[in-house]
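Read through the structure below, which is laid out as structure tokens, and then see the notes.
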Amino acid sequence: MGAKTRTWLWMINCFLLMMTISHAQPINPAKKELAAIRIASPPVIDAVLNDEIWIDASEAIDFVQYTPFNGAQPSFASVVKIAYDDNAIYLGAMLYDPYPDSIYKELSERDRINMVDYFGVYLDCYNDYLTAFGFIVTAAGVQVDGKRTESNGEDRSWDAVWESAVKIVDSGWIAEMEIPFSAIRFPDEAEQTWGLQLYRNITRYRESDTWNFINREEDGINNQSGLLTGIRNIDPPLRLSLVPYISGYAEKSPETRNWGYSYNYGLDLKYGINESYTLDMTLIPDFGQVQSDDEIYNLSPFEVYYDEKRPFFMEGTELFDKGSVFYSRRVGKTPMGFDHVNDSLQDHEVIQNNPQNAQLINATKISGKNNKKLAMGFFNGMTANTYAEIKDTLTGKKRTIRTEPFTNYNMIVFDQALRNNSYLSLYNTNTWQPDMKYSANVSGSELKLTSKKNRYAIWLQGLVSQKYNTQQQPEFGYSYAVEAGKISGKFTWELSHRLLDNNYDHNDMGFLTRNNYIRDEIEFSYNIYHPVWLILDWFNSISFSVEQLYDPRQFAEFEIDLSSRATFKNHLSVWFNGSTNPVKGYDYYEPRVAGWYYTRNPVYYGNVGISPDYRHRFVIDSRIGYLNIPKDNRSNYWFSFEPRFRVSDNLMLVYEFSYDDDDHNIGYVTDSISADKEEVIIFGDRMINTYENVLEANYRFNNKSSVSLRARHYWITINHTDYYQLQPNGSLGTTDYDDINEFSLNIFNIDMVYVWNFAPGSELRVVWKNAIDTYNEKEWVENHIRDIEQDFAKNFWNTINTSATNSFSVKLLYYIDYQQIRELFRKS
């Protein structure tokens, strides 16, 4: 047994001993309980609580502050009543406020909370603390819904169809809700006991109140909910809904120059297999209206991560967020042969069409949880063969090149809830390309064990990757991680160890920037949750980490990270984060060639930012940072500022400008094999300047319709001032390489969207998208060098006057619920 193994076994034993001998008292007091009443007929959802059902309903009262004064009495009283029948659960809330004209009522798009008062309920239907369904309505009548999990926090991409109404009255404001049982999942039991948490936000005081006390010093939110009882013998109706859509597009690109027209149609289906499990399916989906990515030029050896924006892949996927093995953007990704089509052109041939994304045929999710609190999830997605179309300009003949074969994606997950907010998960992903006879498998497991008093926890993970190809030998890799620490209280700590061998790879369906490393880290945090002097709260942490290669076992880097964030009583927030690598490090990834490394000198980094109180109509967020590597004579500074102007409750304007000046950045340029068959790796000393401007304007006509504009300009210039040849010892030597590698890249996008939610679950969406990208190189032109533009104003003018890709689209979705159709036929 090695020294490292003995050390880790000793630490784990000490940790288990601490959990056993801990005599700390429970942090939270006893949970509150509220009994819902069964009703014969539903109330009218109109925010007028005069229905008879509200007379006898039990009251949820005695709310307590969550922030800013954790545990204090709220500024105003709140009274909430809950009832149910076989179809839905109903909530009526009287939110007292002696100054109703001071209630914040800013409008926003669905699922977004701006500066506005709101009321919400979270239902943990299995009372296992892992997942809670959230339903929020603002004082402006805007609906917000989502799921909150202990592992991933709040996810507002999940949408449900439910009803709500609000009204401001002399004594405050009223919120009324109807949440269909078809919108949530719960166990098949005669009597239900759910976790229940009620929220109220009083924005002018920046105050958040909860029904059951949430101690900010204790880890977790769902585990600090109260209990909802009294729901018995539910006979829920069949859960079946369809959302058919039809869309039309008018598009023009610089290549085609003419407008092209197309249309699409398809549907999303949701079927409740039973009370616990739901089938979600999208057939012939159309994601042409999703917001443009904030693309950047990538100089690093690692892939850039872009957020998922396609609705089907954003909603209800929290069960699949395990081990980063499911990155939904792999499904319908850029074809693997997209960049090679140009290399296949013959004389007189041009590219007529080269799809940037593989065509998604359909995607299916099945997810839910049984009575034993075992959650199960299954995902399947299929993409069709994707072809680029080539045309001979002399003969007119066309041919195709397959850029991506038919691919089948699968994932299955089992997640067993255990006592004390603990869990055990098993999962597997599989990517299959039958024409290529290629298959990639990843299997993993996670275990979290939390002490009875919720003070300590240990988390374990193990993963195995497998790749099969008839033309190559099977490839196997593995990864594991261990984390342990104190998770509650003002002072917390965490010790972690992670290993990925040199063959581990889950990128066929997941996201992994790199493998072949071992990382050990210890982190200490000290947080102040209660007001002290001028400070409302203060969060601080420091961590120390050591990284080495897995194969060969070579030291890579030692890093120290520090972060601090404080919010003052005037609600001004100030934050700082910094890091240093105080000793030389060895970068085994930047050379892009196995077995080589680049020696990095000690580096020092700092970043500070300020965010004012958003209650003011006009505020400016700002940040500034600096990086220095003295021995390389390298300095890098950056700054940004973000003015935000709330013109009215209907109109919001946000502008963000950022600039990054990176002088003497050392990095990879190219590599080749010399005449004597030796590896030659060229590095460059470069100046990198990056500008980014983003303008957002949002106007809400009411809580059902809005129009938004988002424009982004990204400009990067890269100028190499010198070149070096990487040496076997990681240093840089001289070279006669003198190619010109100076260029600039502009990316300009406009997304303008009108949305009208004309019925529950139904919407009309009109979108205009404008996209420009220009790439300019410094080069020889007719015996002289043509430089790249360095002036910002001239560059921007040249960019917006470049031919653009334009797209106008209209998409109509209509929500059809089986129960509504059935009721219509009954009445007729």
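Residue numbering restarts at 1 for every chain of the structure tokens, chains are lettered A, B, ... in their displayed order, and ligands are numbered from 1 as they appear.
When the distance limit is 12 Å and only C-alpha atoms are what count, the residues near Trp459 of chain A, minus those fewer than 5 positions from it on the same chain, are Ile12, Phe15, Ser151, Ser422, Tyr423, Leu424, Ser425, Ser445, Glu446, Leu447, Lys448, Leu449, Thr450, Ser451, Tyr480, Ala481, Val482, Glu483, Ala484, Gly485, Lys486, Ile487, Glu494, Leu495, Ser496, His497 and Arg498 of chain A.
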Residues within 8 Å of Arg519 of chain A, please, as a CSV table (one decimal) with C-alpha atoms, in the first residue's frame. Count only C-alpha atoms; anything in the same chain fewer than 3 positions from it doesn't count.
chain,number,residue,atom,x,y,z
A,497,HIS,CA,-8.9,14.2,-4.5
A,498,ARG,CA,-9.6,13.6,-8.2
A,499,LEU,CA,-7.9,11.3,-10.7
A,545,SER,CA,-4.3,22.7,-4.7
A,546,VAL,CA,-1.6,20.5,-6.2
A,547,GLU,CA,-1.8,18.9,-9.6
A,548,GLN,CA,0.3,16.3,-11.3
Problem set entry | Nearest to Ser648 of chain A, chosen from A:Val64, A:Asp722, A:Met115, A:Ser488, with only C-alpha atoms counted in the distances | A:Met115
Which residues are near Arg686 of chain A? Cut-off 10 Å, only C-alpha atoms, ignore same chain within fewer than 5 positions. Put them as a JSON list (two decimals) with N, CA, C and O atoms, in the first residue's frame.
[["chain", "number", "residue", "atom", "x", "y", "z"],
["A", 662, "ASP", "N", -3.96, 41.92, -23.15],
["A", 662, "ASP", "CA", -3.06, 40.85, -22.73],
["A", 662, "ASP", "C", -1.75, 41.00, -23.49],
["A", 662, "ASP", "O", -1.64, 40.62, -24.66],
["A", 663, "ASP", "N", -0.74, 41.57, -22.83],
["A", 663, "ASP", "CA", 0.56, 41.84, -23.46],
["A", 663, "ASP", "C", 1.54, 40.73, -23.12],
["A", 663, "ASP", "O", 1.60, 40.25, -21.99],
["A", 664, "HIS", "N", 2.32, 40.31, -24.10],
["A", 664, "HIS", "CA", 3.32, 39.24, -23.95],
["A", 664, "HIS", "C", 2.68, 37.91, -23.53],
["A", 664, "HIS", "O", 3.20, 37.20, -22.67],
["A", 665, "ASN", "N", 1.56, 37.60, -24.14],
["A", 665, "ASN", "CA", 0.93, 36.30, -23.93],
["A", 665, "ASN", "C", 1.73, 35.27, -24.72],
["A", 665, "ASN", "O", 1.93, 35.40, -25.93],
["A", 666, "ILE", "N", 2.19, 34.23, -24.05],
["A", 666, "ILE", "CA", 3.00, 33.20, -24.68],
["A", 666, "ILE", "C", 2.13, 31.97, -24.93],
["A", 666, "ILE", "O", 1.48, 31.48, -24.00],
["A", 667, "GLY", "N", 2.12, 31.49, -26.18],
["A", 667, "GLY", "CA", 1.29, 30.33, -26.47],
["A", 667, "GLY", "C", 1.64, 29.66, -27.78],
["A", 667, "GLY", "O", 2.44, 30.15, -28.58],
["A", 717, "THR", "N", -8.12, 41.11, -31.64],
["A", 717, "THR", "CA", -6.96, 41.25, -32.52],
["A", 717, "THR", "C", -5.78, 40.54, -31.87],
["A", 717, "THR", "O", -5.56, 40.65, -30.65],
["A", 718, "ILE", "N", -5.02, 39.83, -32.69],
["A", 718, "ILE", "CA", -3.88, 39.06, -32.20],
["A", 718, "ILE", "C", -2.67, 39.43, -33.06],
["A", 718, "ILE", "O", -2.68, 39.24, -34.28],
["A", 719, "ASN", "N", -1.63, 39.98, -32.42],
["A", 719, "ASN", "CA", -0.41, 40.39, -33.11],
["A", 719, "ASN", "C", 0.78, 39.67, -32.49],
["A", 719, "ASN", "O", 1.09, 39.88, -31.30],
["A", 720, "HIS", "N", 1.45, 38.84, -33.29],
["A", 720, "HIS", "CA", 2.66, 38.15, -32.81],
["A", 720, "HIS", "C", 3.87, 39.06, -33.01],
["A", 720, "HIS", "O", 4.09, 39.57, -34.11],
["A", 721, "THR", "N", 4.63, 39.23, -31.94],
["A", 721, "THR", "CA", 5.82, 40.08, -32.01],
["A", 721, "THR", "C", 7.11, 39.28, -32.08],
["A", 721, "THR", "O", 8.15, 39.80, -32.47],
["A", 722, "ASP", "N", 7.07, 38.01, -31.71],
["A", 722, "ASP", "CA", 8.27, 37.18, -31.76],
["A", 722, "ASP", "C", 7.86, 35.71, -31.75],
["A", 722, "ASP", "O", 6.72, 35.36, -31.35],
["A", 723, "TYR", "N", 8.79, 34.84, -32.18],
["A", 723, "TYR", "CA", 8.52, 33.41, -32.21],
["A", 723, "TYR", "C", 9.68, 32.67, -31.55],
["A", 723, "TYR", "O", 10.83, 33.11, -31.57],
["A", 741, "ASN", "N", 1.42, 35.94, -38.53],
["A", 741, "ASN", "CA", 0.28, 35.41, -37.78],
["A", 741, "ASN", "C", -0.40, 36.55, -37.03],
["A", 741, "ASN", "O", -0.45, 36.56, -35.80],
["A", 742, "GLU", "N", -0.86, 37.52, -37.77],
["A", 742, "GLU", "CA", -1.59, 38.62, -37.19],
["A", 742, "GLU", "C", -2.97, 38.68, -37.83],
["A", 742, "GLU", "O", -3.08, 38.66, -39.07]]
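Taking atom CA of Leu227 of chain A and atom CA of Ser58 of chain A as the two end points, the separation is 13.2 Å.
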From segment 576-787 of chain A, collect each residue whose DSSP state is strand (DSSP E) and return the set as a PDB file with C-alpha atoms, in the first residue's frame.
ATOM      1  CA  PHE A 576     -12.584  40.042  -4.804  1.00  0.00           C
ATOM      2  CA  ASN A 577     -10.939  36.903  -6.084  1.00  0.00           C
ATOM      3  CA  GLY A 578      -7.298  36.221  -6.655  1.00  0.00           C
ATOM      4  CA  SER A 579      -4.915  33.366  -7.250  1.00  0.00           C
ATOM      5  CA  THR A 580      -1.237  32.651  -7.533  1.00  0.00           C
ATOM      6  CA  ASN A 581       1.005  29.885  -8.741  1.00  0.00           C
ATOM      7  CA  GLY A 585       4.576  24.995 -13.175  1.00  0.00           C
ATOM      8  CA  TYR A 586       4.649  22.650 -16.158  1.00  0.00           C
ATOM      9  CA  ASP A 587       1.904  22.902 -18.782  1.00  0.00           C
ATOM     10  CA  TYR A 598       5.981  24.290 -21.393  1.00  0.00           C
ATOM     11  CA  THR A 599       7.517  25.693 -18.215  1.00  0.00           C
ATOM     12  CA  ARG A 600       5.377  28.460 -16.741  1.00  0.00           C
ATOM     13  CA  VAL A 603       1.890  34.059 -11.843  1.00  0.00           C
ATOM     14  CA  TYR A 604      -0.171  36.477  -9.738  1.00  0.00           C
ATOM     15  CA  TYR A 605      -3.799  37.363 -10.455  1.00  0.00           C
ATOM     16  CA  GLY A 606      -6.432  39.594  -8.874  1.00  0.00           C
ATOM     17  CA  ASN A 607      -9.980  40.676  -9.731  1.00  0.00           C
ATOM     18  CA  VAL A 608     -12.309  43.088  -7.916  1.00  0.00           C
ATOM     19  CA  GLY A 609     -15.883  44.138  -8.636  1.00  0.00           C
ATOM     20  CA  ILE A 610     -18.690  46.340  -7.325  1.00  0.00           C
ATOM     21  CA  SER A 611     -22.461  45.891  -7.706  1.00  0.00           C
ATOM     22  CA  PHE A 618     -29.881  53.566 -12.627  1.00  0.00           C
ATOM     23  CA  VAL A 619     -26.857  51.581 -11.438  1.00  0.00           C
ATOM     24  CA  ILE A 620     -23.470  50.588 -12.832  1.00  0.00           C
ATOM     25  CA  ASP A 621     -21.843  47.223 -12.152  1.00  0.00           C
ATOM     26  CA  SER A 622     -18.079  47.258 -12.667  1.00  0.00           C
ATOM     27  CA  ARG A 623     -14.994  45.109 -12.318  1.00  0.00           C
ATOM     28  CA  ILE A 624     -11.258  45.359 -12.937  1.00  0.00           C
ATOM     29  CA  GLY A 625      -8.537  42.736 -12.922  1.00  0.00           C
ATOM     30  CA  TYR A 626      -4.792  42.349 -13.328  1.00  0.00           C
ATOM     31  CA  LEU A 627      -2.436  39.428 -14.014  1.00  0.00           C
ATOM     32  CA  ASN A 628       1.337  39.579 -13.802  1.00  0.00           C
ATOM     33  CA  ILE A 629       4.167  37.162 -14.615  1.00  0.00           C
ATOM     34  CA  ARG A 634       3.917  39.785 -19.023  1.00  0.00           C
ATOM     35  CA  SER A 635       1.082  41.924 -17.768  1.00  0.00           C
ATOM     36  CA  ASN A 636      -2.596  41.549 -18.487  1.00  0.00           C
ATOM     37  CA  TYR A 637      -5.379  43.842 -17.341  1.00  0.00           C
ATOM     38  CA  TRP A 638      -9.089  43.887 -18.028  1.00  0.00           C
ATOM     39  CA  PHE A 639     -12.124  45.838 -16.965  1.00  0.00           C
ATOM     40  CA  SER A 640     -15.845  46.009 -17.609  1.00  0.00           C
ATOM     41  CA  PHE A 641     -18.759  48.214 -16.688  1.00  0.00           C
ATOM     42  CA  GLU A 642     -22.473  47.522 -17.016  1.00  0.00           C
ATOM     43  CA  PRO A 643     -24.948  50.415 -16.750  1.00  0.00           C
ATOM     44  CA  ARG A 644     -28.505  49.278 -15.999  1.00  0.00           C
ATOM     45  CA  PHE A 645     -31.422  51.676 -16.434  1.00  0.00           C
ATOM     46  CA  ARG A 646     -34.940  50.730 -15.328  1.00  0.00           C
ATOM     47  CA  LEU A 651     -38.837  49.072 -20.049  1.00  0.00           C
ATOM     48  CA  MET A 652     -35.347  47.921 -19.019  1.00  0.00           C
ATOM     49  CA  LEU A 653     -32.049  48.839 -20.715  1.00  0.00           C
ATOM     50  CA  VAL A 654     -28.712  47.118 -19.993  1.00  0.00           C
ATOM     51  CA  TYR A 655     -25.378  47.835 -21.677  1.00  0.00           C
ATOM     52  CA  GLU A 656     -22.128  45.977 -21.001  1.00  0.00           C
ATOM     53  CA  PHE A 657     -18.665  46.933 -22.213  1.00  0.00           C
ATOM     54  CA  SER A 658     -15.568  44.853 -21.500  1.00  0.00           C
ATOM     55  CA  TYR A 659     -11.955  45.212 -22.577  1.00  0.00           C
ATOM     56  CA  ASP A 660      -9.033  42.804 -22.136  1.00  0.00           C
ATOM     57  CA  ASP A 661      -5.425  43.829 -22.855  1.00  0.00           C
ATOM     58  CA  ASP A 662      -3.060  40.854 -22.729  1.00  0.00           C
ATOM     59  CA  ASP A 663       0.557  41.842 -23.459  1.00  0.00           C
ATOM     60  CA  HIS A 664       3.317  39.244 -23.953  1.00  0.00           C
ATOM     61  CA  ASN A 665       0.930  36.298 -23.933  1.00  0.00           C
ATOM     62  CA  ILE A 666       3.004  33.195 -24.684  1.00  0.00           C
ATOM     63  CA  GLY A 667       1.290  30.329 -26.468  1.00  0.00           C
ATOM     64  CA  TYR A 668       1.224  27.676 -29.148  1.00  0.00           C
ATOM     65  CA  VAL A 669       1.339  28.682 -32.828  1.00  0.00           C
ATOM     66  CA  THR A 670       2.016  25.538 -34.889  1.00  0.00           C
ATOM     67  CA  ASP A 671       3.963  22.282 -34.999  1.00  0.00           C
ATOM     68  CA  SER A 672       5.590  20.174 -37.686  1.00  0.00           C
ATOM     69  CA  ILE A 673       8.111  17.401 -38.334  1.00  0.00           C
ATOM     70  CA  GLU A 679       9.264  17.420 -33.599  1.00  0.00           C
ATOM     71  CA  VAL A 680       9.252  21.189 -34.042  1.00  0.00           C
ATOM     72  CA  ILE A 681       6.791  23.152 -31.868  1.00  0.00           C
ATOM     73  CA  ILE A 682       6.543  26.889 -32.398  1.00  0.00           C
ATOM     74  CA  PHE A 683       5.378  29.254 -29.653  1.00  0.00           C
ATOM     75  CA  GLY A 684       4.667  32.930 -30.078  1.00  0.00           C
ATOM     76  CA  ASP A 685       4.849  36.101 -28.032  1.00  0.00           C
ATOM     77  CA  ARG A 686       1.601  37.899 -28.840  1.00  0.00           C
ATOM     78  CA  MET A 687      -0.439  40.929 -27.937  1.00  0.00           C
ATOM     79  CA  ILE A 688      -4.153  40.136 -27.603  1.00  0.00           C
ATOM     80  CA  ASN A 689      -6.789  42.846 -27.397  1.00  0.00           C
ATOM     81  CA  THR A 690     -10.431  41.908 -26.921  1.00  0.00           C
ATOM     82  CA  TYR A 691     -13.479  44.186 -26.967  1.00  0.00           C
ATOM     83  CA  GLU A 692     -17.021  43.087 -26.224  1.00  0.00           C
ATOM     84  CA  ASN A 693     -20.158  45.236 -26.330  1.00  0.00           C
ATOM     85  CA  VAL A 694     -23.610  43.925 -25.433  1.00  0.00           C
ATOM     86  CA  LEU A 695     -26.817  45.946 -25.514  1.00  0.00           C
ATOM     87  CA  GLU A 696     -30.105  44.559 -24.199  1.00  0.00           C
ATOM     88  CA  ALA A 697     -33.476  46.283 -24.321  1.00  0.00           C
ATOM     89  CA  ASN A 698     -36.661  44.688 -22.995  1.00  0.00           C
ATOM     90  CA  TYR A 699     -40.145  46.159 -23.264  1.00  0.00           C
ATOM     91  CA  ARG A 700     -43.110  44.330 -21.712  1.00  0.00           C
ATOM     92  CA  SER A 705     -46.357  39.753 -24.211  1.00  0.00           C
ATOM     93  CA  SER A 706     -42.992  41.418 -24.653  1.00  0.00           C
ATOM     94  CA  VAL A 707     -40.385  42.413 -27.181  1.00  0.00           C
ATOM     95  CA  SER A 708     -36.636  42.178 -26.591  1.00  0.00           C
ATOM     96  CA  LEU A 709     -33.520  43.195 -28.438  1.00  0.00           C
ATOM     97  CA  ARG A 710     -30.020  41.852 -27.840  1.00  0.00           C
ATOM     98  CA  ALA A 711     -27.040  43.044 -29.877  1.00  0.00           C
ATOM     99  CA  ARG A 712     -23.479  41.826 -29.307  1.00  0.00           C
ATOM    100  CA  HIS A 713     -20.205  42.807 -30.939  1.00  0.00           C
ATOM    101  CA  TYR A 714     -17.048  40.801 -30.186  1.00  0.00           C
ATOM    102  CA  TRP A 715     -13.681  41.929 -31.604  1.00  0.00           C
ATOM    103  CA  ILE A 716     -10.315  40.312 -30.986  1.00  0.00           C
ATOM    104  CA  THR A 717      -6.961  41.251 -32.519  1.00  0.00           C
ATOM    105  CA  ILE A 718      -3.876  39.064 -32.200  1.00  0.00           C
ATOM    106  CA  ASN A 719      -0.407  40.391 -33.106  1.00  0.00           C
ATOM    107  CA  HIS A 720       2.656  38.153 -32.808  1.00  0.00           C
ATOM    108  CA  THR A 721       5.823  40.080 -32.011  1.00  0.00           C
ATOM    109  CA  ASP A 722       8.274  37.178 -31.757  1.00  0.00           C
ATOM    110  CA  TYR A 723       8.521  33.409 -32.209  1.00  0.00           C
ATOM    111  CA  TYR A 724      10.318  30.663 -30.308  1.00  0.00           C
ATOM    112  CA  GLN A 725      10.921  26.953 -30.598  1.00  0.00           C
ATOM    113  CA  LEU A 726       9.842  24.886 -27.620  1.00  0.00           C
ATOM    114  CA  LEU A 732      11.869  28.503 -25.297  1.00  0.00           C
ATOM    115  CA  GLY A 733      14.712  28.783 -27.812  1.00  0.00           C
ATOM    116  CA  PHE A 743      -5.356  38.688 -37.571  1.00  0.00           C
ATOM    117  CA  SER A 744      -8.610  40.033 -36.218  1.00  0.00           C
ATOM    118  CA  LEU A 745     -12.022  38.450 -35.807  1.00  0.00           C
ATOM    119  CA  ASN A 746     -15.360  40.241 -35.542  1.00  0.00           C
ATOM    120  CA  ILE A 747     -18.610  38.579 -34.500  1.00  0.00           C
ATOM    121  CA  PHE A 748     -21.765  40.674 -34.566  1.00  0.00           C
ATOM    122  CA  ASN A 749     -25.205  39.309 -33.665  1.00  0.00           C
ATOM    123  CA  ILE A 750     -28.656  40.805 -33.274  1.00  0.00           C
ATOM    124  CA  ASP A 751     -31.527  38.822 -31.765  1.00  0.00           C
ATOM    125  CA  MET A 752     -34.908  40.554 -31.702  1.00  0.00           C
ATOM    126  CA  VAL A 753     -37.812  38.576 -30.268  1.00  0.00           C
ATOM    127  CA  TYR A 754     -41.519  39.236 -29.821  1.00  0.00           C
ATOM    128  CA  VAL A 755     -43.386  36.768 -27.578  1.00  0.00           C
ATOM    129  CA  TRP A 756     -47.101  36.555 -26.908  1.00  0.00           C
ATOM    130  CA  ASN A 757     -48.320  33.933 -24.414  1.00  0.00           C
ATOM    131  CA  PHE A 758     -51.892  34.017 -25.670  1.00  0.00           C
ATOM    132  CA  ALA A 759     -53.065  30.986 -23.672  1.00  0.00           C
ATOM    133  CA  SER A 762     -49.271  28.423 -25.860  1.00  0.00           C
ATOM    134  CA  GLU A 763     -47.289  31.157 -27.526  1.00  0.00           C
ATOM    135  CA  LEU A 764     -46.596  33.061 -30.703  1.00  0.00           C
ATOM    136  CA  ARG A 765     -42.942  33.949 -31.257  1.00  0.00           C
ATOM    137  CA  VAL A 766     -41.582  36.240 -33.977  1.00  0.00           C
ATOM    138  CA  VAL A 767     -37.792  36.422 -34.312  1.00  0.00           C
ATOM    139  CA  TRP A 768     -35.307  38.418 -36.371  1.00  0.00           C
ATOM    140  CA  LYS A 769     -31.695  37.245 -36.277  1.00  0.00           C
ATOM    141  CA  ASN A 770     -28.793  39.051 -37.916  1.00  0.00           C
ATOM    142  CA  ALA A 771     -25.285  37.560 -37.915  1.00  0.00           C
ATOM    143  CA  ILE A 772     -21.981  38.884 -39.265  1.00  0.00           C
ATOM    144  CA  ASP A 773     -18.512  37.425 -38.843  1.00  0.00           C
ATOM    145  CA  THR A 774     -15.368  38.767 -40.484  1.00  0.00           C
ATOM    146  CA  TYR A 775     -11.834  37.384 -40.347  1.00  0.00           C
ATOM    147  CA  ASN A 776      -8.963  39.610 -41.533  1.00  0.00           C
ATOM    148  CA  GLU A 777      -5.287  38.690 -41.731  1.00  0.00           C
ATOM    149  CA  GLU A 779      -0.778  39.619 -45.445  1.00  0.00           C
ATOM    150  CA  TRP A 780       1.252  40.507 -48.505  1.00  0.00           C
ATOM    151  CA  VAL A 781      -0.849  42.107 -51.228  1.00  0.00           C
ATOM    152  CA  HIS A 784       3.130  45.469 -49.752  1.00  0.00           C
ATOM    153  CA  ILE A 785       1.771  44.329 -46.419  1.00  0.00           C
ATOM    154  CA  ARG A 786      -1.906  44.945 -45.724  1.00  0.00           C
TER     155      ARG A 786
END
Using only C-alpha atoms, determine which residues lie at most 6 Å from segment 367-378 of chain A, disregarding the query and same-chain residues fewer than 3 positions distant; provide the list as a PDB file with N, CA and C atoms, in the first residue's frame.
ATOM      1  N   PRO A 187     -45.658  10.273  -5.109  1.00  0.00           N
ATOM      2  CA  PRO A 187     -45.762   8.819  -4.948  1.00  0.00           C
ATOM      3  C   PRO A 187     -47.208   8.334  -4.988  1.00  0.00           C
ATOM      4  N   SER A 276     -45.988   8.869 -10.978  1.00  0.00           N
ATOM      5  CA  SER A 276     -44.571   9.089 -10.705  1.00  0.00           C
ATOM      6  C   SER A 276     -43.723   9.324 -11.945  1.00  0.00           C
ATOM      7  N   TYR A 277     -44.108   8.764 -13.077  1.00  0.00           N
ATOM      8  CA  TYR A 277     -43.240   8.793 -14.246  1.00  0.00           C
ATOM      9  C   TYR A 277     -43.908   9.505 -15.417  1.00  0.00           C
ATOM     10  N   THR A 278     -43.074  10.251 -16.151  1.00  0.00           N
ATOM     11  CA  THR A 278     -43.565  11.048 -17.270  1.00  0.00           C
ATOM     12  C   THR A 278     -42.699  10.809 -18.493  1.00  0.00           C
ATOM     13  N   MET A 411     -28.940   7.646 -22.525  1.00  0.00           N
ATOM     14  CA  MET A 411     -28.473   7.739 -21.149  1.00  0.00           C
ATOM     15  C   MET A 411     -29.544   7.167 -20.231  1.00  0.00           C
ATOM     16  N   ILE A 412     -29.095   6.434 -19.225  1.00  0.00           N
ATOM     17  CA  ILE A 412     -30.000   5.894 -18.206  1.00  0.00           C
ATOM     18  C   ILE A 412     -29.419   6.215 -16.834  1.00  0.00           C
ATOM     19  N   VAL A 413     -30.295   6.600 -15.911  1.00  0.00           N
ATOM     20  CA  VAL A 413     -29.874   7.041 -14.579  1.00  0.00           C
ATOM     21  C   VAL A 413     -30.755   6.387 -13.515  1.00  0.00           C
ATOM     22  N   PHE A 414     -30.141   5.952 -12.434  1.00  0.00           N
ATOM     23  CA  PHE A 414     -30.844   5.512 -11.232  1.00  0.00           C
ATOM     24  C   PHE A 414     -30.293   6.326 -10.064  1.00  0.00           C
ATOM     25  N   ASP A 415     -31.189   6.958  -9.303  1.00  0.00           N
ATOM     26  CA  ASP A 415     -30.772   7.828  -8.214  1.00  0.00           C
ATOM     27  C   ASP A 415     -31.610   7.501  -6.989  1.00  0.00           C
ATOM     28  N   GLN A 416     -31.004   6.811  -6.035  1.00  0.00           N
ATOM     29  CA  GLN A 416     -31.711   6.381  -4.833  1.00  0.00           C
ATOM     30  C   GLN A 416     -31.486   7.378  -3.694  1.00  0.00           C
ATOM     31  N   ALA A 417     -32.583   7.970  -3.198  1.00  0.00           N
ATOM     32  CA  ALA A 417     -32.491   8.860  -2.041  1.00  0.00           C
ATOM     33  C   ALA A 417     -32.274   8.034  -0.783  1.00  0.00           C
TER      34      ALA A 417
END
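Pairwise distance (atom CA of Asn703 of chain A, atom CA of Ile103 of chain A) equals 16.4 Å.
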For this session: Rank A:Gln352, A:Gln727, A:Asn298, A:Gln819 by their smallest atom-to-atom distance to Tyr597 of chain A, using only C-alpha atoms, and report the top residue only.
Result: A:Gln727
For this session: Enumerate as a list in words all residues of segment 274-480 of chain A assigned to alpha helix (DSSP H) by DSSP on the backbone, naming them with the chain letters and numbers the document uses.
Result: Pro311, Phe312, Phe313 and Met314 of chain A
Need the shell around Glu251 of chain A: protein/DNA/RNA residues with any atom at most 7 Å away, counting only C-alpha atoms. Skip same-chain ones fewer than 4 positions apart. Format as an mmCIF file with C-alpha atoms, in the first residue's frame?
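Dumped to result-v6.cif:
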data_model
loop_
_atom_site.group_PDB
_atom_site.id
_atom_site.type_symbol
_atom_site.label_atom_id
_atom_site.label_comp_id
_atom_site.auth_asym_id
_atom_site.auth_seq_id
_atom_site.Cartn_x
_atom_site.Cartn_y
_atom_site.Cartn_z
ATOM 1 C CA TRP A 259 -34.029 34.994 -49.899
ATOM 2 C CA GLY A 260 -34.926 31.394 -49.226
ATOM 3 C CA TYR A 261 -38.202 30.264 -47.700
ATOM 4 C CA ASN A 806 -30.549 37.434 -41.942
ATOM 5 C CA SER A 807 -33.377 35.274 -40.685
ATOM 6 C CA PHE A 808 -37.020 36.173 -40.059
#
Exercise. Near segment 196-203 of chain A, counting only C-alpha atoms, which residues have an atom at most 6 Å away, once you skip same-chain residues fewer than 3 positions from it, shown as a ChimeraX atom specification?
Worked result: /A:116-123,206-211,225-228
